[in-house]
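Student: File name start-v7.cif; file contents mmCIF, C-alpha atoms; full text below.
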```
data_work
#
loop_
_atom_site.group_PDB
_atom_site.id
_atom_site.type_symbol
_atom_site.label_atom_id
_atom_site.label_comp_id
_atom_site.auth_asym_id
_atom_site.auth_seq_id
_atom_site.Cartn_x
_atom_site.Cartn_y
_atom_site.Cartn_z
ATOM 1 C CA ARG A 1 18.570 53.279 37.927
ATOM 2 C CA THR A 2 16.280 50.959 36.091
ATOM 3 C CA GLY A 3 12.575 51.192 36.813
ATOM 4 C CA ARG A 4 9.687 49.478 35.082
ATOM 5 C CA ARG A 5 9.747 52.090 32.330
ATOM 6 C CA GLY A 6 13.445 51.564 31.654
ATOM 7 C CA ARG A 7 13.119 47.814 31.467
ATOM 8 C CA ARG A 8 10.184 48.107 29.098
ATOM 9 C CA HIS A 9 12.129 50.367 26.761
ATOM 10 C CA GLY A 10 15.128 48.089 26.866
ATOM 11 C CA HIS A 11 13.048 45.060 25.999
ATOM 12 C CA ALA A 12 11.326 46.971 23.227
ATOM 13 C CA ARG A 13 14.678 47.287 21.431
ATOM 14 C CA PHE A 14 15.243 43.538 21.824
ATOM 15 C CA PHE A 15 11.758 42.198 21.026
ATOM 16 C CA PRO A 16 11.692 42.972 17.238
ATOM 17 C CA TYR A 17 14.812 40.848 16.740
ATOM 18 C CA TYR A 18 13.462 38.178 19.077
ATOM 19 C CA ARG A 19 10.125 38.069 17.254
ATOM 20 C CA ARG A 20 11.847 37.765 13.865
ATOM 21 C CA LYS A 21 13.991 34.912 15.176
ATOM 22 C CA ILE A 22 11.006 33.052 16.617
ATOM 23 C CA ASN A 23 8.976 33.590 13.432
ATOM 24 C CA LYS A 24 11.786 32.241 11.265
ATOM 25 C CA GLN A 25 12.174 29.194 13.497
ATOM 26 C CA SER A 26 8.426 28.624 13.458
ATOM 27 C CA MET A 27 8.218 28.940 9.674
ATOM 28 C CA ARG A 28 11.155 26.564 9.217
ATOM 29 C CA LYS A 29 9.635 24.022 11.594
ATOM 30 C CA THR A 30 6.284 24.311 9.801
ATOM 31 C CA ARG A 31 7.912 23.662 6.437
ATOM 32 C CA GLU A 32 9.820 20.682 7.821
ATOM 33 C CA THR A 33 6.749 19.092 9.378
ATOM 34 C CA ARG A 34 4.257 19.725 6.569
ATOM 35 C CA LEU A 35 3.054 16.357 5.412
ATOM 36 C CA ALA A 36 2.521 17.022 1.683
ATOM 37 C CA PRO A 37 6.150 17.862 0.748
ATOM 38 C CA LEU A 38 7.455 15.161 3.089
ATOM 39 C CA LEU A 39 5.330 12.523 1.348
ATOM 40 C CA GLU A 40 6.491 13.774 -2.056
ATOM 41 C CA ARG A 41 10.136 13.430 -0.977
ATOM 42 C CA THR A 42 9.331 9.982 0.383
ATOM 43 C CA LEU A 43 7.926 8.791 -2.945
ATOM 44 C CA LYS A 44 11.025 10.064 -4.740
ATOM 45 C CA ALA A 45 13.267 8.283 -2.235
ATOM 46 C CA LEU A 46 11.350 5.020 -2.679
ATOM 47 C CA LYS A 47 11.510 5.129 -6.471
ATOM 48 C CA GLY A 48 13.625 2.213 -7.628
ATOM 49 C CA GLN A 49 13.282 0.436 -4.283
ATOM 50 C CA LEU A 50 9.623 -0.539 -4.649
ATOM 51 C CA SER A 51 7.642 -1.685 -7.660
ATOM 52 C CA PRO A 52 5.867 0.946 -9.811
ATOM 53 C CA ARG A 53 2.537 -0.612 -8.860
ATOM 54 C CA THR A 54 3.230 -0.184 -5.130
ATOM 55 C CA LEU A 55 4.267 3.435 -5.649
ATOM 56 C CA GLU A 56 1.092 4.053 -7.629
ATOM 57 C CA ASN A 57 -0.938 2.578 -4.767
ATOM 58 C CA TYR A 58 0.841 4.945 -2.390
ATOM 59 C CA ARG A 59 0.065 7.926 -4.628
ATOM 60 C CA SER A 60 -3.567 6.887 -4.833
ATOM 61 C CA SER A 61 -3.800 6.669 -1.036
ATOM 62 C CA ILE A 62 -2.244 10.133 -0.695
ATOM 63 C CA SER A 63 -4.751 11.546 -3.189
ATOM 64 C CA LYS A 64 -7.552 10.058 -1.103
ATOM 65 C CA VAL A 65 -6.241 11.808 2.033
ATOM 66 C CA LYS A 66 -5.927 15.035 0.049
ATOM 67 C CA ARG A 67 -9.581 14.733 -0.885
ATOM 68 C CA PHE A 68 -10.500 14.030 2.739
ATOM 69 C CA GLU A 69 -8.638 17.093 4.024
ATOM 70 C CA GLY A 70 -9.728 19.480 1.261
ATOM 71 C CA ASP A 71 -8.363 23.009 1.751
ATOM 72 C CA ARG A 72 -6.503 21.920 4.860
ATOM 73 C CA TRP A 73 -4.249 19.517 2.949
ATOM 74 C CA GLU A 74 -1.419 21.979 2.268
ATOM 75 C CA ARG A 75 -1.302 22.971 5.957
ATOM 76 C CA LEU A 76 -1.537 19.425 7.309
ATOM 77 C CA GLY A 77 1.459 18.565 9.468
ATOM 78 C CA VAL A 78 3.008 15.283 10.499
ATOM 79 C CA GLY A 79 1.876 15.934 14.054
ATOM 80 C CA ASP A 80 -1.748 16.193 12.904
ATOM 81 C CA ILE A 81 -1.778 12.495 12.029
ATOM 82 C CA ASP A 82 -2.756 10.964 15.339
ATOM 83 C CA ARG A 83 -5.179 8.258 16.444
ATOM 84 C CA ARG A 84 -8.144 10.652 16.451
ATOM 85 C CA TRP A 85 -7.311 11.648 12.888
ATOM 86 C CA SER A 86 -7.026 8.028 11.735
ATOM 87 C CA ASP A 87 -10.398 7.214 13.326
ATOM 88 C CA ARG A 88 -12.081 10.131 11.539
ATOM 89 C CA TYR A 89 -10.436 9.176 8.262
ATOM 90 C CA ALA A 90 -11.485 5.516 8.631
ATOM 91 C CA LEU A 91 -15.108 6.563 9.190
ATOM 92 C CA TRP A 92 -14.977 8.842 6.152
ATOM 93 C CA LEU A 93 -13.567 6.042 3.998
ATOM 94 C CA ALA A 94 -16.310 3.689 5.182
ATOM 95 C CA LYS A 95 -18.922 6.193 4.004
ATOM 96 C CA GLN A 96 -17.187 6.633 0.648
ATOM 97 C CA HIS A 97 -16.907 2.934 -0.204
ATOM 98 C CA GLU A 98 -19.484 0.186 0.168
ATOM 99 C CA LYS A 99 -16.870 -2.569 0.425
ATOM 100 C CA PRO A 100 -14.832 -2.508 3.659
ATOM 101 C CA GLN A 101 -11.912 -4.061 1.775
ATOM 102 C CA THR A 102 -11.629 -0.983 -0.454
ATOM 103 C CA ALA A 103 -11.584 1.414 2.489
ATOM 104 C CA ASP A 104 -9.092 -0.810 4.296
ATOM 105 C CA CYS A 105 -6.832 -0.878 1.230
ATOM 106 C CA TYR A 106 -6.628 2.923 1.090
ATOM 107 C CA LEU A 107 -5.877 3.161 4.801
ATOM 108 C CA ARG A 108 -3.260 0.413 4.769
ATOM 109 C CA ASN A 109 -1.421 1.992 1.834
ATOM 110 C CA PHE A 110 -1.430 5.412 3.457
ATOM 111 C CA ARG A 111 -0.229 3.890 6.729
ATOM 112 C CA ALA A 112 2.658 2.269 4.849
ATOM 113 C CA VAL A 113 3.782 5.427 3.035
ATOM 114 C CA TYR A 114 3.342 7.461 6.240
ATOM 115 C CA ARG A 115 5.707 5.102 8.065
ATOM 116 C CA HIS A 116 8.225 5.441 5.246
ATOM 117 C CA ALA A 117 7.908 9.217 5.628
ATOM 118 C CA LEU A 118 8.587 9.024 9.363
ATOM 119 C CA ALA A 119 11.680 6.936 8.688
ATOM 120 C CA LEU A 120 12.882 9.552 6.175
ATOM 121 C CA ARG A 121 12.286 12.398 8.631
ATOM 122 C CA ALA A 122 15.344 12.720 10.852
ATOM 123 C CA ASP A 123 13.498 14.082 13.899
ATOM 124 C CA SER A 124 10.607 11.627 13.785
ATOM 125 C CA GLU A 125 8.756 11.229 17.063
ATOM 126 C CA GLY A 126 7.721 7.706 16.112
ATOM 127 C CA GLY A 127 3.995 7.954 16.768
ATOM 128 C CA LYS A 128 1.690 5.063 15.885
ATOM 129 C CA PRO A 129 -1.652 6.596 14.915
ATOM 130 C CA PHE A 130 -2.741 3.486 12.975
ATOM 131 C CA GLU A 131 -1.734 0.862 15.530
ATOM 132 C CA GLY A 132 -4.415 -1.752 16.106
ATOM 133 C CA TYR A 133 -6.666 -0.460 13.318
ATOM 134 C CA ARG A 134 -9.285 -2.745 11.808
ATOM 135 C CA SER A 135 -11.543 -1.459 9.064
ATOM 136 C CA CYS A 136 -15.089 -0.791 10.283
ATOM 137 C CA GLY A 137 -14.271 -2.695 13.484
ATOM 138 C CA SER A 138 -14.392 -6.039 11.643
ATOM 139 C CA ARG A 139 -11.839 -8.809 11.569
ATOM 140 C CA PRO A 140 -9.991 -9.363 8.304
ATOM 141 C CA ALA A 141 -11.534 -12.183 6.297
ATOM 142 C CA LYS A 142 -9.634 -15.471 6.220
ATOM 143 C CA ARG A 143 -8.000 -15.974 2.849
ATOM 144 C CA ALA A 144 -6.980 -19.626 3.156
ATOM 145 C CA LEU A 145 -9.085 -22.132 1.229
ATOM 146 C CA PRO A 146 -10.640 -24.727 3.583
ATOM 147 C CA LYS A 147 -9.614 -28.334 2.977
ATOM 148 C CA GLU A 148 -13.194 -29.342 2.185
ATOM 149 C CA GLU A 149 -13.413 -26.726 -0.578
ATOM 150 C CA ALA A 150 -10.054 -27.822 -1.984
ATOM 151 C CA ARG A 151 -11.249 -31.450 -2.143
ATOM 152 C CA ARG A 152 -14.376 -30.358 -4.033
ATOM 153 C CA LEU A 153 -12.232 -28.577 -6.615
ATOM 154 C CA LEU A 154 -10.188 -31.741 -7.122
ATOM 155 C CA SER A 155 -13.232 -33.983 -7.468
ATOM 156 C CA PRO A 156 -13.462 -35.735 -10.886
ATOM 157 C CA GLY A 157 -17.223 -35.398 -10.691
ATOM 158 C CA LEU A 158 -16.925 -31.613 -10.721
ATOM 159 C CA ARG A 159 -15.041 -31.603 -14.026
ATOM 160 C CA GLU A 160 -17.740 -33.738 -15.627
ATOM 161 C CA ARG A 161 -20.428 -31.173 -14.783
ATOM 162 C CA LEU A 162 -18.588 -28.073 -16.025
ATOM 163 C CA SER A 163 -18.720 -26.471 -19.447
ATOM 164 C CA GLU A 164 -15.548 -26.017 -21.501
ATOM 165 C CA ARG A 165 -15.221 -22.395 -20.397
ATOM 166 C CA LEU A 166 -15.643 -23.220 -16.710
ATOM 167 C CA LEU A 167 -13.123 -26.045 -17.052
ATOM 168 C CA GLU A 168 -10.562 -23.439 -18.140
ATOM 169 C CA VAL A 169 -11.441 -21.318 -15.095
ATOM 170 C CA LEU A 170 -11.027 -24.342 -12.838
ATOM 171 C CA ASP A 171 -7.649 -25.195 -14.354
ATOM 172 C CA ILE A 172 -6.383 -21.654 -13.793
ATOM 173 C CA LEU A 173 -7.568 -21.766 -10.190
ATOM 174 C CA LEU A 174 -5.864 -25.108 -9.583
ATOM 175 C CA PHE A 175 -2.712 -23.833 -11.268
ATOM 176 C CA ILE A 176 -2.658 -20.872 -8.865
ATOM 177 C CA LEU A 177 -3.042 -23.221 -5.897
ATOM 178 C CA TYR A 178 -0.309 -25.600 -7.010
ATOM 179 C CA ALA A 179 1.964 -22.631 -7.871
ATOM 180 C CA ARG A 180 1.913 -21.405 -4.257
ATOM 181 C CA GLY A 181 -0.666 -18.688 -4.783
ATOM 182 C CA MET A 182 0.741 -17.122 -7.937
ATOM 183 C CA ALA A 183 -1.026 -13.828 -8.678
ATOM 184 C CA PHE A 184 -3.420 -13.940 -11.620
ATOM 185 C CA ASN A 185 -1.512 -11.195 -13.439
ATOM 186 C CA ASP A 186 1.669 -13.280 -13.200
ATOM 187 C CA VAL A 187 -0.209 -16.357 -14.488
ATOM 188 C CA TYR A 188 -1.466 -14.285 -17.409
ATOM 189 C CA GLU A 189 2.093 -13.117 -18.240
ATOM 190 C CA LEU A 190 3.787 -16.483 -17.640
ATOM 191 C CA ARG A 191 6.035 -17.542 -20.540
ATOM 192 C CA TRP A 192 7.615 -20.866 -21.389
ATOM 193 C CA GLN A 193 11.077 -19.355 -21.068
ATOM 194 C CA MET A 194 10.368 -19.013 -17.333
ATOM 195 C CA VAL A 195 9.871 -22.794 -17.068
ATOM 196 C CA ALA A 196 13.093 -24.814 -16.951
ATOM 197 C CA ASP A 197 14.676 -27.711 -15.052
ATOM 198 C CA GLY A 198 11.437 -28.608 -13.320
ATOM 199 C CA HIS A 199 10.947 -25.089 -11.906
ATOM 200 C CA ILE A 200 8.994 -21.945 -12.707
ATOM 201 C CA ARG A 201 11.168 -18.879 -12.065
ATOM 202 C CA TYR A 202 9.693 -15.412 -12.350
ATOM 203 C CA ARG A 203 9.547 -11.994 -10.694
ATOM 204 C CA ARG A 204 6.313 -11.091 -8.983
ATOM 205 C CA SER A 205 4.790 -8.151 -10.846
ATOM 206 C CA LYS A 206 3.538 -6.449 -7.675
ATOM 207 C CA THR A 207 6.747 -6.495 -5.629
ATOM 208 C CA GLY A 208 9.542 -7.437 -8.034
ATOM 209 C CA VAL A 209 10.535 -10.316 -5.723
ATOM 210 C CA PHE A 210 12.091 -13.349 -7.447
ATOM 211 C CA ILE A 211 9.981 -16.513 -7.033
ATOM 212 C CA ASP A 212 11.014 -20.113 -7.615
ATOM 213 C CA VAL A 213 8.196 -22.685 -7.835
ATOM 214 C CA LEU A 214 8.704 -26.421 -8.111
ATOM 215 C CA VAL A 215 6.718 -27.903 -11.011
ATOM 216 C CA VAL A 216 4.745 -30.702 -9.390
ATOM 217 C CA PRO A 217 3.016 -33.283 -11.671
ATOM 218 C CA GLU A 218 -0.353 -31.519 -11.319
ATOM 219 C CA LEU A 219 1.161 -28.257 -12.564
ATOM 220 C CA GLU A 220 2.865 -29.970 -15.481
ATOM 221 C CA ARG A 221 -0.386 -31.627 -16.622
ATOM 222 C CA ILE A 222 -2.253 -28.315 -16.608
ATOM 223 C CA MET A 223 0.523 -26.522 -18.549
ATOM 224 C CA ARG A 224 0.710 -29.264 -21.191
ATOM 225 C CA ARG A 225 -3.065 -29.104 -21.622
ATOM 226 C CA TYR A 226 -2.886 -25.460 -22.743
ATOM 227 C CA ARG A 227 0.377 -25.438 -24.673
ATOM 228 C CA ARG A 228 -0.076 -24.026 -28.179
ATOM 229 C CA LYS A 229 2.488 -24.272 -30.951
ATOM 230 C CA GLY A 230 4.113 -20.920 -31.698
ATOM 231 C CA SER A 231 2.847 -19.204 -28.555
ATOM 232 C CA PRO A 232 5.397 -18.037 -25.951
ATOM 233 C CA TYR A 233 2.743 -17.964 -23.209
ATOM 234 C CA VAL A 234 1.900 -20.885 -20.946
ATOM 235 C CA PHE A 235 -1.747 -19.827 -21.125
ATOM 236 C CA PRO A 236 -2.264 -18.281 -24.596
#
```
Please re-express this file's structure in structure tokens.
Tutor:
Amino acid sequence: RTGRRGRRHGHARFFPYYRRKINKQSMRKTRETRLAPLLERTLKALKGQLSPRTLENYRSSISKVKRFEGDRWERLGVGDIDRRWSDRYALWLAKQHEKPQTADCYLRNFRAVYRHALALRADSEGGKPFEGYRSCGSRPAKRALPKEEARRLLSPGLRERLSERLLEVLDILLFILYARGMAFNDVYELRWQMVADGHIRYRRSKTGVFIDVLVVPELERIMRRYRRKGSPYVFP
């Protein structure tokens, strides 16, 4: 005969084991979904696949989130990163930085490393907490140079009005334009050994991607203007 009392006693013998099992499962799930160790594993997995500069940007964005979360950082789980979280974080970044571009940079880098982390995590639920985000509700600024501005830079009258120092600045700017938007750091590190057979061949410092640029006459004139005997650099 099994009354309420008997059932309760029977369950009492079972519950301690059941509780231990549930607690172990819960602790394991918590460890697996904690964001901090997952991001650390992600950075290690990406080492060698991305440039050191990109990885450093990712680490910087993670440090910014750590500062935002404070004491909660070590307990922060993957599931905590939702759209409400991203909105709160975006507002916090906007208060921390006067320039929207700076805040946007931190958020974009964290979004990128977070997506890498989701790809690394086998049981990812594939959420999109950053989808549709625009920093401070503003549209990203257009980065293309208008044709009118480009014509002004190419005007002979402009060169006549500039000092020697500003002429150098103008030449570097025009070189970047003719070289398909070469990053300034790559211009600064450009060597003559990278120029051969009418092409400039180099690896972009930010991404490590190989770039091949045709040397048009305008580029060649600028490079010859700054060539110095004994210097390996295009712009000594």
Student: Determine, counting all atoms listed in the file, which protein, DNA and RNA residues have an atom within 8 Å of an atom of region 221-227 of chain A; residues of the same chain fewer than 6 positions away are not included. Present the result as a list in words.
Tutor: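 Contacts, in chain order: Asp171, Phe175, Tyr233, Val234, Phe235 and Pro236 of chain A.
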Student: Write to file, as a CSV table (one decimal), keeping the file's coordinate frame, the residues of the selection just made, with C-alpha atoms.
Tutor:
```
chain,number,residue,atom,x,y,z
A,171,ASP,CA,-7.6,-25.2,-14.4
A,175,PHE,CA,-2.7,-23.8,-11.3
A,233,TYR,CA,2.7,-18.0,-23.2
A,234,VAL,CA,1.9,-20.9,-20.9
A,235,PHE,CA,-1.7,-19.8,-21.1
A,236,PRO,CA,-2.3,-18.3,-24.6
```
Student: Evaluate the PyMOL selection byres ((chain A and resi 88) around 12) and record the selected residues as a list in words, following the chain and residue labels used in the document.
Tutor: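 Evaluating the PyMOL selection byres ((chain A and resi 88) around 12) on this file yields Val65, Phe68, Glu69, Ile81, Asp82, Arg83, Arg84, Trp85, Ser86, Asp87, Tyr89, Ala90, Leu91, Trp92, Leu93, Ala94, Lys95, Leu107, Pro129, Phe130, Ser135 and Cys136 of chain A.
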Student: For the selection you just gave me, I'd like the residues written to a file as a compact mmCIF listing (two decimals), keeping the file's coordinate frame, keeping C-alpha atoms.
Tutor:
```txt
# COMPACT_ATOMS: atom_id res chain seq x y z
CA VAL A 65 -6.24 11.81 2.03
CA PHE A 68 -10.50 14.03 2.74
CA GLU A 69 -8.64 17.09 4.02
CA ILE A 81 -1.78 12.50 12.03
CA ASP A 82 -2.76 10.96 15.34
CA ARG A 83 -5.18 8.26 16.44
CA ARG A 84 -8.14 10.65 16.45
CA TRP A 85 -7.31 11.65 12.89
CA SER A 86 -7.03 8.03 11.74
CA ASP A 87 -10.40 7.21 13.33
CA TYR A 89 -10.44 9.18 8.26
CA ALA A 90 -11.48 5.52 8.63
CA LEU A 91 -15.11 6.56 9.19
CA TRP A 92 -14.98 8.84 6.15
CA LEU A 93 -13.57 6.04 4.00
CA ALA A 94 -16.31 3.69 5.18
CA LYS A 95 -18.92 6.19 4.00
CA LEU A 107 -5.88 3.16 4.80
CA PRO A 129 -1.65 6.60 14.92
CA PHE A 130 -2.74 3.49 12.98
CA SER A 135 -11.54 -1.46 9.06
CA CYS A 136 -15.09 -0.79 10.28
```
Student: Could you state which residues are captured by the PyMOL selection byres ((chain A and resi 120) around 10) in this file, as a PyMOL selection string?
Tutor: chain A and resi 38-39+41-42+45+114-119+121-124
Student: The PyMOL selection byres ((chain A and resi 177) around 12) on the file shown: which residues, as a PyMOL selection string?
Tutor: chain A and resi 144-145+150+153-154+170-176+178-184+187+213+215-216+218-219+222
Student: Any idea what the distance is between CA of Arg204 (chain A) and CA of Ser51 (chain A)?
Tutor: 9.6 Å
Student: Which one of A:Lys147, A:Pro232, A:Arg111, A:Trp73 sits closest to Gln193 (chain A) if you count all atoms listed in the file?
Tutor: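 For Gln193 (chain A), the nearest of the given residues is A:Pro232.
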Student: Rounded to one decimal place, report the CA of Glu220 (chain A)-CA of Arg191 (chain A) distance in Å.
Tutor: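 Interatomic distance here is 13.8 Å.
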Student: Using only C-alpha atoms, which residue out of A:Lys66, A:Pro37, A:Tyr58, A:Arg165 lies closest to Val78 (chain A)?
Tutor: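 Between A:Lys66, A:Pro37, A:Tyr58, A:Arg165, the residue approaching Val78 (chain A) most closely is A:Pro37.
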Student: Record the distance separating CA of Leu76 (chain A) and CA of Leu35 (chain A), expressed in Å with one decimal.
Tutor: 5.8 Å
Student: When you look at Arg203 (chain A) with a cut-off of 9 Å (counting all atoms listed in the file), what residues show up, excluding the ones that are within fewer than 6 positions of it in the same chain? I need them as number ranges by chain.
Tutor: A: 186, 209-212
